[in-house]
Amino acid sequence: MASKYYVTLTTYGSDLIAQAHESTPLNFKNLVIGDANGIPYEPLTAIDRTQLVNQKASALVQHIEVIEDIVRVTATIGANIGGFHIHEIGLTDITDKLVYIGNYHGGYKSIFEEGAGGEITISIDIKGAAANNINMSVDSNINSATKAWVSEKFIPR
């Protein structure tokens with residue numbers, strides 16, 4: 001059965017991958033999410049896009065993990081961001097252009113002012129990328145902690 005929700009390379013991303021195989025590494029910077037103006041779309045119909053239809057938030061990539069032939073890219077959207085349904089996601093590079101574009105199940109990202117809210121961590125699994133040619137750009141002004149680190153340091157055993 002084909003996946004209903006997935007990410008795919010944009011045309012721009014395909015060009016970057018071709019260059020990465022030659023000499024230049026791929027630098028992921030942000031995971032971006034949007035509401036697609038309330039109209040979900042198939043990512044394969046949007047590979048020429050360099051931005052989401054209606055981007056609502058951007059979060060720095062926090063973690064890149066290589067698991068065999070899968071590259072897992074993870075970022076956390078803050079509790080202060082929300083009030084919309086997530087229909088589109090993507091990964092950008094250091095130029096803020098979309099490398100990957102994807103659809104999302106339309107889950108609602110609430111904020112505390114609505115009565116409930118919290119952070120949401122999104123992981124994107126990419127299969128078949130040359131893992132040694134993918135880098136993460138980190139803003140040194142932003143500090144974050146993984147769930148495992150907080151558990152280890154602050155939860156009594």
# chains A, B, ... in the order shown; residues from 1 in each chain; ligands from 1
$ residues_around --residues "A:Glu114" --least-positions-apart "4" --cutoff "12 Å" --atoms "only C-alpha atoms" --output "short mmCIF file (atom, residue, chain, number, x, y, z; two decimals) with N, CA, C and O atoms, in the first residue's frame"
data_model
loop_
_atom_site.label_atom_id
_atom_site.label_comp_id
_atom_site.auth_asym_id
_atom_site.auth_seq_id
_atom_site.Cartn_x
_atom_site.Cartn_y
_atom_site.Cartn_z
N ALA A 79 5.52 25.65 21.93
CA ALA A 79 4.17 25.72 22.49
C ALA A 79 3.47 27.03 22.14
O ALA A 79 2.25 27.09 22.10
N ASN A 80 4.24 28.06 21.86
CA ASN A 80 3.66 29.36 21.54
C ASN A 80 3.19 29.48 20.08
O ASN A 80 2.63 30.50 19.69
N ILE A 81 3.41 28.45 19.29
CA ILE A 81 3.02 28.46 17.88
C ILE A 81 1.81 27.55 17.71
O ILE A 81 1.82 26.42 18.18
N GLY A 82 0.79 28.04 17.03
CA GLY A 82 -0.36 27.19 16.78
C GLY A 82 -1.60 27.95 16.38
O GLY A 82 -1.53 29.10 15.96
N GLY A 83 -2.71 27.24 16.51
CA GLY A 83 -3.99 27.79 16.11
C GLY A 83 -4.31 27.45 14.66
O GLY A 83 -5.07 28.16 14.01
N PHE A 84 -3.77 26.33 14.16
CA PHE A 84 -4.00 25.95 12.77
C PHE A 84 -3.82 24.44 12.60
O PHE A 84 -3.21 23.77 13.43
N TYR A 108 -4.33 19.25 14.39
CA TYR A 108 -4.45 20.63 14.85
C TYR A 108 -3.34 20.95 15.84
O TYR A 108 -3.11 20.21 16.79
N LYS A 109 -2.63 22.05 15.62
CA LYS A 109 -1.58 22.52 16.54
C LYS A 109 -2.20 23.63 17.37
O LYS A 109 -2.35 24.75 16.92
N SER A 110 -2.57 23.30 18.58
CA SER A 110 -3.23 24.27 19.46
C SER A 110 -2.20 25.08 20.23
O SER A 110 -1.02 24.74 20.28
N GLY A 118 1.00 22.86 23.64
CA GLY A 118 2.27 22.25 23.98
C GLY A 118 3.15 22.15 22.75
O GLY A 118 2.74 22.49 21.64
#
$ closest_residue --among "A:Gly90, A:Gly78, A:Gly13, A:Gly106" --to "A:Asp35" --atoms "only C-alpha atoms"
A:Gly106
$ closest_residue --among "A:Ala75, A:Val61, A:Ile101, A:Ile70" --to "A:Leu44" --atoms "only C-alpha atoms"
A:Ile101
$ atom_distance --atom1 "atom CA of A:His105" --atom2 "atom CA of A:Asn54"
15.7 Å
$ closest_residue --among "A:Lys127, A:Val66, A:Asp93, A:Val7" --to "A:Pro25" --atoms "only C-alpha atoms"
A:Asp93
$ select_by_dssp --residues "stretch 36-70 of chain A" --states "strand (DSSP E or B)" --output "list of chain:residue names"
A:Gln55, A:Lys56, A:Ala57, A:Ser58, A:Ala59, A:Leu60, A:His63, A:Ile64, A:Glu65, A:Val66, A:Ile67, A:Ile70
$ write_last_selection --atoms "C-alpha atoms" --output "JSON list (two decimals), in the first residue's frame"
[["chain", "number", "residue", "atom", "x", "y", "z"],
["A", 55, "GLN", "CA", 3.97, 28.52, 5.97],
["A", 56, "LYS", "CA", 2.95, 29.06, 9.59],
["A", 57, "ALA", "CA", 6.13, 28.15, 11.46],
["A", 58, "SER", "CA", 9.76, 27.27, 11.12],
["A", 59, "ALA", "CA", 11.89, 25.37, 13.65],
["A", 60, "LEU", "CA", 15.60, 24.73, 13.58],
["A", 63, "HIS", "CA", 18.77, 16.27, 15.44],
["A", 64, "ILE", "CA", 19.86, 14.23, 12.44],
["A", 65, "GLU", "CA", 20.17, 10.50, 13.03],
["A", 66, "VAL", "CA", 21.32, 7.86, 10.55],
["A", 67, "ILE", "CA", 19.61, 4.49, 10.94],
["A", 70, "ILE", "CA", 17.31, 6.12, 6.71]]
$ residues_around --residues "A:Arg49" --least-positions-apart "6" --cutoff "12 Å" --atoms "only C-alpha atoms" --output "VMD selection string"
chain A and resid 8 to 13 43 90 92 97 to 102
$ residues_around --residues "A:Thr74" --least-positions-apart "2" --cutoff "12 Å" --atoms "only C-alpha atoms" --output "ChimeraX atom specification"
/A:28-32,59-66,71-72,76-77,90-91,120-126,136,146
$ write_last_selection --atoms "N, CA, C and O atoms" --output "compact mmCIF listing (two decimals), in the first residue's frame"
# COMPACT_ATOMS: atom_id res chain seq x y z
N PHE A 28 20.79 20.92 5.97
CA PHE A 28 19.44 21.17 6.44
C PHE A 28 19.48 22.24 7.52
O PHE A 28 20.35 22.22 8.39
N LYS A 29 18.51 23.15 7.49
CA LYS A 29 18.46 24.19 8.50
C LYS A 29 17.17 24.12 9.30
O LYS A 29 17.19 24.05 10.51
N ASN A 30 16.01 24.17 8.64
CA ASN A 30 14.72 24.25 9.32
C ASN A 30 13.73 23.20 8.86
O ASN A 30 13.73 22.81 7.69
N LEU A 31 12.88 22.80 9.78
CA LEU A 31 11.67 22.07 9.45
C LEU A 31 10.57 23.13 9.43
O LEU A 31 10.47 23.91 10.36
N VAL A 32 9.81 23.19 8.35
CA VAL A 32 8.76 24.19 8.22
C VAL A 32 7.40 23.48 8.15
O VAL A 32 7.30 22.36 7.65
N ALA A 59 11.12 25.78 12.47
CA ALA A 59 11.89 25.37 13.65
C ALA A 59 13.24 24.83 13.20
O ALA A 59 13.32 24.08 12.23
N LEU A 60 14.28 25.23 13.90
CA LEU A 60 15.60 24.73 13.58
C LEU A 60 15.65 23.22 13.73
O LEU A 60 15.10 22.67 14.68
N VAL A 61 16.32 22.57 12.80
CA VAL A 61 16.55 21.13 12.91
C VAL A 61 17.38 20.90 14.15
O VAL A 61 18.41 21.53 14.35
N GLN A 62 16.89 20.01 15.03
CA GLN A 62 17.58 19.72 16.28
C GLN A 62 18.47 18.50 16.22
O GLN A 62 19.46 18.41 16.93
N HIS A 63 18.07 17.56 15.39
CA HIS A 63 18.77 16.27 15.44
C HIS A 63 18.70 15.61 14.07
O HIS A 63 17.65 15.61 13.43
N ILE A 64 19.82 15.07 13.64
CA ILE A 64 19.86 14.23 12.44
C ILE A 64 20.47 12.90 12.87
O ILE A 64 21.56 12.87 13.45
N GLU A 65 19.74 11.83 12.61
CA GLU A 65 20.17 10.50 13.03
C GLU A 65 20.17 9.59 11.81
O GLU A 65 19.23 9.59 11.02
N VAL A 66 21.24 8.82 11.65
CA VAL A 66 21.32 7.86 10.55
C VAL A 66 21.04 6.47 11.11
O VAL A 66 21.70 6.02 12.04
N VAL A 71 17.69 8.49 7.01
CA VAL A 71 18.14 9.68 7.72
C VAL A 71 16.91 10.27 8.40
O VAL A 71 15.93 10.61 7.73
N ARG A 72 16.92 10.34 9.72
CA ARG A 72 15.81 10.89 10.49
C ARG A 72 16.16 12.31 10.92
O ARG A 72 17.13 12.55 11.61
N THR A 76 11.41 20.53 16.83
CA THR A 76 10.29 20.74 17.75
C THR A 76 9.67 22.10 17.50
O THR A 76 10.37 23.12 17.49
N ILE A 77 8.36 22.10 17.30
CA ILE A 77 7.59 23.34 17.13
C ILE A 77 7.16 23.77 18.53
O ILE A 77 6.56 23.00 19.27
N GLY A 90 7.98 20.59 5.43
CA GLY A 90 9.13 20.59 4.55
C GLY A 90 10.42 20.76 5.31
O GLY A 90 10.43 21.05 6.51
N LEU A 91 11.50 20.56 4.61
CA LEU A 91 12.84 20.80 5.14
C LEU A 91 13.51 21.82 4.24
O LEU A 91 13.48 21.69 3.01
N ILE A 120 5.28 20.26 19.82
CA ILE A 120 5.12 19.06 19.00
C ILE A 120 6.46 18.80 18.31
O ILE A 120 7.06 19.70 17.76
N THR A 121 6.93 17.57 18.46
CA THR A 121 8.17 17.17 17.81
C THR A 121 7.81 16.38 16.56
O THR A 121 7.02 15.43 16.63
N ILE A 122 8.37 16.79 15.44
CA ILE A 122 8.10 16.13 14.17
C ILE A 122 9.41 15.53 13.67
O ILE A 122 10.45 16.20 13.66
N SER A 123 9.35 14.26 13.28
CA SER A 123 10.49 13.58 12.68
C SER A 123 10.16 13.23 11.25
O SER A 123 9.06 12.75 10.97
N ILE A 124 11.08 13.48 10.37
CA ILE A 124 10.93 13.13 8.96
C ILE A 124 11.99 12.10 8.64
O ILE A 124 13.18 12.32 8.88
N ASP A 125 11.57 10.96 8.13
CA ASP A 125 12.49 9.90 7.72
C ASP A 125 12.72 9.99 6.22
O ASP A 125 11.77 9.97 5.44
N ILE A 126 13.98 10.05 5.84
CA ILE A 126 14.36 10.12 4.43
C ILE A 126 15.16 8.87 4.11
O ILE A 126 16.16 8.58 4.76
N MET A 136 23.90 19.63 9.46
CA MET A 136 22.89 20.39 10.16
C MET A 136 23.48 21.76 10.48
O MET A 136 24.60 21.87 10.95
N THR A 146 17.07 17.57 24.52
CA THR A 146 16.28 16.42 24.10
C THR A 146 15.52 15.87 25.30
O THR A 146 15.88 16.11 26.45
$ atom_distance --atom1 "atom CA of A:Asp48" --atom2 "atom CA of A:Asp69"
25.8 Å
$ atom_distance --atom1 "atom CA of A:Gly34" --atom2 "atom CA of A:Ile86"
5.6 Å
$ closest_residue --among "A:Ala46, A:Ala116, A:Leu52, A:Leu26" --to "A:Ile89" --atoms "only C-alpha atoms"
A:Leu52
$ closest_residue --among "A:Pro40, A:Ile33, A:Ser14, A:Gln51" --to "A:Asp96" --atoms "only C-alpha atoms"
A:Gln51
$ select_by_dssp --residues "stretch 30-151 of chain A" --states "alpha helix (DSSP H)" --output "count of residues only"
5
$ closest_residue --among "A:Glu113, A:Glu119, A:Glu42, A:Glu88" --to "A:Lys4" --atoms "only C-alpha atoms"
A:Glu42
$ decode --residues "stretch 70-92 of chain A" --atoms "C-alpha atoms" --output "short mmCIF file (atom, residue, chain, number, x, y, z; two decimals), in the first residue's frame"
data_model
loop_
_atom_site.label_atom_id
_atom_site.label_comp_id
_atom_site.auth_asym_id
_atom_site.auth_seq_id
_atom_site.Cartn_x
_atom_site.Cartn_y
_atom_site.Cartn_z
CA ILE A 70 17.31 6.12 6.71
CA VAL A 71 18.14 9.68 7.72
CA ARG A 72 15.81 10.89 10.49
CA VAL A 73 15.52 14.68 10.78
CA THR A 74 13.81 16.00 13.93
CA ALA A 75 12.64 19.43 15.06
CA THR A 76 10.29 20.74 17.75
CA ILE A 77 7.59 23.34 17.13
CA GLY A 78 7.22 25.52 20.23
CA ALA A 79 4.17 25.72 22.49
CA ASN A 80 3.66 29.36 21.54
CA ILE A 81 3.02 28.46 17.88
CA GLY A 82 -0.36 27.19 16.78
CA GLY A 83 -3.99 27.79 16.11
CA PHE A 84 -4.00 25.95 12.77
CA HIS A 85 -4.18 22.51 11.12
CA ILE A 86 -0.87 21.20 9.77
CA HIS A 87 -1.35 20.09 6.16
CA GLU A 88 2.13 20.67 4.75
CA ILE A 89 5.69 20.17 5.99
CA GLY A 90 9.13 20.59 4.55
CA LEU A 91 12.84 20.80 5.14
CA THR A 92 14.81 23.86 4.08
#
